[in-house]
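The next block holds one structure in the form of structure tokens; read it before the comments.
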Amino acid sequence: MFARGDNQRLENDQRDSLWLLADRSALALEDRLMQQRVFRSLRDLQPQVDMIQRMRAAGRYDSRASLLSNVLPPEADLVNWVKDALTHYWGGPKLTNSPLMRLQIVQETASQGDGNAANALRALLRKAVDQVKPDGERRFTTEWILYNILEMKFIEGRKVREVAGRLAMSEADLYRKQRVAVEAVAKAILEMESQIR
């Protein structure tokens with residue numbers, strides 16, 4: 001049989017074990033938060049690391065390579081940025097916080113205009129969309145399909161179903177052609193940026 005003091009001692013041991021477990025849990029949680037911060041920082045640094053690697057590769061294999069030419073974003077990134085900016089063409093975080101704001105052509109357009117970078121980016125997007133436009137009066141024919149998608153979906157802000165119906169195509173086909181249209185806009189922006197640099 002245990003005396004009353006033994007029960008008290010057992011409770012003290014249990015309490016000490018519980019505090020030890022709580023301290024270890026708190027330490028594990030702090031470690032987890034620190035790991036998350038480290039991974040977030042690494043993810044944020046990835047584009048800069050990629051750029052540095054491209055610069056090193058260009059310097060190693062092409063002694064004539066200009067450092068400025070390597071600052072241009074990869075075309076795949078540019079296409080995604082252009083699509084996001086077009087999605088928020090009339091305003092929103094994907095336009096105002098777009099990585100496209102860092103392009104030299106956007107900064108120069110803003111400095112020549114009212115100083116508003118969002119308006120400068122919108123003007124650049126409009127100019128690039130207009131470069132996709134075929135010559136002549138607007139029609140709803142095959143040669144105009146890319147321009148019509150850009151104009152109706154992004155500039156006019158129509159719904160996908162409405163655009164697909166007006167252009168007599170399925171929504172799946174619209175999305176495929178929309179990708180091609182956005183790529184054409186990205187290519188036009190890349191050419192304009194290259195000319196300025």
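Going by the structure tokens order, chains are called A, B, ..., each with residues numbered from 1, while ligands are numbered from 1 in the order shown.
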
(request) Within 7 Å of Gln178 of chain A, counting only C-alpha atoms, which residues show up once you throw out same-chain ones fewer than 4 positions away? Write them as a PyMOL selection string, please. (result) chain A and resi 146+149+174+182

(request) Fewer than 6 positions away in the same chain doesn't count, so skip those; otherwise give me all residues within 10 Å of Lys153 of chain A, counting only C-alpha atoms, as a PyMOL selection string. (result) chain A and resi 86-87+147+159-164+178

Can I get the selected residues back with N, CA and C atoms, as an mmCIF file, in the first residue's frame?
```cif
data_model
loop_
_atom_site.group_PDB
_atom_site.id
_atom_site.type_symbol
_atom_site.label_atom_id
_atom_site.label_comp_id
_atom_site.auth_asym_id
_atom_site.auth_seq_id
_atom_site.Cartn_x
_atom_site.Cartn_y
_atom_site.Cartn_z
ATOM 1 N N LEU A 86 -3.508 40.740 -67.907
ATOM 2 C CA LEU A 86 -4.688 40.893 -68.766
ATOM 3 C C LEU A 86 -5.969 40.550 -68.010
ATOM 4 N N THR A 87 -5.890 39.548 -67.135
ATOM 5 C CA THR A 87 -7.061 39.150 -66.346
ATOM 6 C C THR A 87 -7.547 40.307 -65.478
ATOM 7 N N TYR A 147 -7.070 37.936 -81.973
ATOM 8 C CA TYR A 147 -7.365 39.308 -81.565
ATOM 9 C C TYR A 147 -8.753 39.392 -80.922
ATOM 10 N N LYS A 159 -17.633 37.229 -70.369
ATOM 11 C CA LYS A 159 -17.532 35.884 -69.787
ATOM 12 C C LYS A 159 -17.083 34.883 -70.854
ATOM 13 N N VAL A 160 -16.434 33.817 -70.396
ATOM 14 C CA VAL A 160 -15.907 32.789 -71.304
ATOM 15 C C VAL A 160 -17.020 32.209 -72.169
ATOM 16 N N ARG A 161 -18.138 31.887 -71.561
ATOM 17 C CA ARG A 161 -19.249 31.278 -72.311
ATOM 18 C C ARG A 161 -19.750 32.224 -73.407
ATOM 19 N N GLU A 162 -19.827 33.512 -73.078
ATOM 20 C CA GLU A 162 -20.297 34.497 -74.052
ATOM 21 C C GLU A 162 -19.317 34.627 -75.215
ATOM 22 N N VAL A 163 -18.025 34.673 -74.900
ATOM 23 C CA VAL A 163 -17.004 34.792 -75.950
ATOM 24 C C VAL A 163 -17.007 33.541 -76.829
ATOM 25 N N ALA A 164 -17.072 32.371 -76.198
ATOM 26 C CA ALA A 164 -17.082 31.122 -76.959
ATOM 27 C C ALA A 164 -18.305 31.068 -77.879
ATOM 28 N N GLN A 178 -6.842 30.906 -76.507
ATOM 29 C CA GLN A 178 -6.505 32.018 -75.619
ATOM 30 C C GLN A 178 -5.040 31.935 -75.213
#
```

(request) Check segment 7-197 of chain A with DSSP on the backbone and list each residue it calls alpha helix (DSSP H), as JSON, numbers by chain. (result) {"A": [7, 8, 9, 10, 11, 12, 13, 14, 15, 16, 17, 18, 19, 20, 21, 22, 23, 24, 25, 26, 27, 28, 29, 30, 31, 32, 33, 34, 35, 36, 37, 38, 39, 40, 41, 42, 43, 44, 45, 46, 47, 48, 49, 50, 51, 52, 53, 54, 55, 56, 57, 58, 59, 60, 61, 75, 76, 77, 78, 79, 80, 81, 82, 83, 84, 85, 86, 87, 93, 94, 95, 96, 104, 105, 106, 107, 108, 109, 110, 111, 112, 117, 118, 119, 120, 121, 122, 123, 124, 125, 126, 127, 128, 129, 130, 131, 132, 145, 146, 147, 148, 149, 160, 161, 162, 163, 164, 165, 166, 171, 172, 173, 174, 175, 176, 177, 178, 179, 180, 181, 182, 183, 184, 185, 186, 187, 188, 189, 190, 191, 192, 193, 194, 195, 196]}

(message) Report, in Å with one decimal, the straight-line distance from atom CA of Gln46 of chain A to atom CA of Asp77 of chain A.
(response)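 Between atom CA of Gln46 of chain A and atom CA of Asp77 of chain A the gap is 12.7 Å.
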
(request) Point out the residue among A:Asn116, A:Leu121, A:Leu103, A:Arg166 with the least atom-to-atom distance to Gln195 of chain A, counting only C-alpha atoms. (result) A:Leu103

(request) Name the closest residue to Val132 of chain A among the candidates A:Arg37, A:Arg24, A:Arg32, A:Lys187; distances are taken between atoms, counting only C-alpha atoms. (result)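 Of A:Arg37, A:Arg24, A:Arg32, A:Lys187, the one nearest Val132 of chain A is A:Lys187, counting only C-alpha atoms.
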
(message) So that I can check the surroundings of Gly91 of chain A, please list as a PyMOL selection string every protein, DNA and RNA residue that reaches within 12 Å of it, counting only C-alpha atoms and ignoring chain neighbours fewer than 3 positions away.
(response) chain A and resi 84-88+94-98+117-119+121-122+154-155+157

Write the residues of the preceding selection, restricted to N, CA, C and O atoms, as a PDB file, in the first residue's frame.
```pdb
ATOM      1  N   ASP A  84      -1.936  37.044 -66.277  1.00  0.00           N
ATOM      2  CA  ASP A  84      -2.433  37.597 -65.012  1.00  0.00           C
ATOM      3  C   ASP A  84      -2.775  39.079 -65.156  1.00  0.00           C
ATOM      4  O   ASP A  84      -3.821  39.532 -64.686  1.00  0.00           O
ATOM      5  N   ALA A  85      -1.896  39.836 -65.798  1.00  0.00           N
ATOM      6  CA  ALA A  85      -2.129  41.279 -65.961  1.00  0.00           C
ATOM      7  C   ALA A  85      -3.350  41.529 -66.845  1.00  0.00           C
ATOM      8  O   ALA A  85      -4.158  42.417 -66.557  1.00  0.00           O
ATOM      9  N   LEU A  86      -3.508  40.740 -67.907  1.00  0.00           N
ATOM     10  CA  LEU A  86      -4.688  40.893 -68.766  1.00  0.00           C
ATOM     11  C   LEU A  86      -5.969  40.550 -68.010  1.00  0.00           C
ATOM     12  O   LEU A  86      -6.999  41.189 -68.204  1.00  0.00           O
ATOM     13  N   THR A  87      -5.890  39.548 -67.135  1.00  0.00           N
ATOM     14  CA  THR A  87      -7.061  39.150 -66.346  1.00  0.00           C
ATOM     15  C   THR A  87      -7.547  40.307 -65.478  1.00  0.00           C
ATOM     16  O   THR A  87      -8.734  40.467 -65.254  1.00  0.00           O
ATOM     17  N   HIS A  88      -6.628  41.130 -64.992  1.00  0.00           N
ATOM     18  CA  HIS A  88      -6.974  42.292 -64.161  1.00  0.00           C
ATOM     19  C   HIS A  88      -6.717  43.596 -64.930  1.00  0.00           C
ATOM     20  O   HIS A  88      -6.293  44.587 -64.343  1.00  0.00           O
ATOM     21  N   LYS A  94      -3.311  41.716 -59.686  1.00  0.00           N
ATOM     22  CA  LYS A  94      -2.486  41.046 -60.696  1.00  0.00           C
ATOM     23  C   LYS A  94      -1.991  42.026 -61.760  1.00  0.00           C
ATOM     24  O   LYS A  94      -1.074  41.720 -62.498  1.00  0.00           O
ATOM     25  N   LEU A  95      -2.599  43.208 -61.798  1.00  0.00           N
ATOM     26  CA  LEU A  95      -2.085  44.263 -62.676  1.00  0.00           C
ATOM     27  C   LEU A  95      -1.131  45.163 -61.894  1.00  0.00           C
ATOM     28  O   LEU A  95       0.011  45.360 -62.290  1.00  0.00           O
ATOM     29  N   THR A  96      -1.591  45.668 -60.752  1.00  0.00           N
ATOM     30  CA  THR A  96      -0.792  46.646 -60.005  1.00  0.00           C
ATOM     31  C   THR A  96       0.445  46.041 -59.353  1.00  0.00           C
ATOM     32  O   THR A  96       1.427  46.742 -59.141  1.00  0.00           O
ATOM     33  N   ASN A  97       0.410  44.735 -59.039  1.00  0.00           N
ATOM     34  CA  ASN A  97       1.572  44.079 -58.422  1.00  0.00           C
ATOM     35  C   ASN A  97       2.313  43.181 -59.411  1.00  0.00           C
ATOM     36  O   ASN A  97       3.122  42.348 -59.000  1.00  0.00           O
ATOM     37  N   SER A  98       2.046  43.341 -60.679  1.00  0.00           N
ATOM     38  CA  SER A  98       2.630  42.471 -61.696  1.00  0.00           C
ATOM     39  C   SER A  98       4.145  42.646 -61.784  1.00  0.00           C
ATOM     40  O   SER A  98       4.656  43.772 -61.722  1.00  0.00           O
ATOM     41  N   ALA A 117       2.345  53.796 -63.009  1.00  0.00           N
ATOM     42  CA  ALA A 117       2.870  52.559 -63.607  1.00  0.00           C
ATOM     43  C   ALA A 117       1.753  51.634 -64.065  1.00  0.00           C
ATOM     44  O   ALA A 117       1.888  50.944 -65.074  1.00  0.00           O
ATOM     45  N   ALA A 118       0.627  51.611 -63.346  1.00  0.00           N
ATOM     46  CA  ALA A 118      -0.494  50.747 -63.743  1.00  0.00           C
ATOM     47  C   ALA A 118      -1.054  51.193 -65.091  1.00  0.00           C
ATOM     48  O   ALA A 118      -1.338  50.360 -65.964  1.00  0.00           O
ATOM     49  N   ASN A 119      -1.193  52.505 -65.283  1.00  0.00           N
ATOM     50  CA  ASN A 119      -1.664  53.018 -66.574  1.00  0.00           C
ATOM     51  C   ASN A 119      -0.654  52.720 -67.677  1.00  0.00           C
ATOM     52  O   ASN A 119      -1.029  52.413 -68.812  1.00  0.00           O
ATOM     53  N   LEU A 121       1.434  50.158 -67.768  1.00  0.00           N
ATOM     54  CA  LEU A 121       1.340  48.727 -68.083  1.00  0.00           C
ATOM     55  C   LEU A 121       0.083  48.450 -68.903  1.00  0.00           C
ATOM     56  O   LEU A 121       0.122  47.680 -69.865  1.00  0.00           O
ATOM     57  N   ARG A 122      -1.022  49.090 -68.558  1.00  0.00           N
ATOM     58  CA  ARG A 122      -2.259  48.914 -69.320  1.00  0.00           C
ATOM     59  C   ARG A 122      -2.056  49.372 -70.766  1.00  0.00           C
ATOM     60  O   ARG A 122      -2.487  48.704 -71.704  1.00  0.00           O
ATOM     61  N   PHE A 154     -10.507  39.957 -72.423  1.00  0.00           N
ATOM     62  CA  PHE A 154      -9.726  40.751 -71.477  1.00  0.00           C
ATOM     63  C   PHE A 154     -10.052  42.245 -71.516  1.00  0.00           C
ATOM     64  O   PHE A 154     -10.237  42.864 -70.475  1.00  0.00           O
ATOM     65  N   ILE A 155     -10.128  42.827 -72.706  1.00  0.00           N
ATOM     66  CA  ILE A 155     -10.352  44.269 -72.805  1.00  0.00           C
ATOM     67  C   ILE A 155     -11.821  44.600 -72.502  1.00  0.00           C
ATOM     68  O   ILE A 155     -12.118  45.497 -71.722  1.00  0.00           O
ATOM     69  N   GLY A 157     -13.931  42.397 -71.129  1.00  0.00           N
ATOM     70  CA  GLY A 157     -14.287  41.716 -69.886  1.00  0.00           C
ATOM     71  C   GLY A 157     -15.492  40.792 -69.981  1.00  0.00           C
ATOM     72  O   GLY A 157     -16.201  40.572 -69.000  1.00  0.00           O
TER      73      GLY A 157
END
```

(message) Would you compute the distance between atom CA of Arg138 of chain A and atom CA of Glu156 of chain A? Give it in Å to one decimal.
(response)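 Between atom CA of Arg138 of chain A and atom CA of Glu156 of chain A the gap works out to 14.7 Å.
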
(request) Could you check how far atom CA of Ala120 of chain A sits from atom CA of Val106 of chain A, in Å to one decimal? (result)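 That distance, rounded to one decimal, is 5.6 Å.
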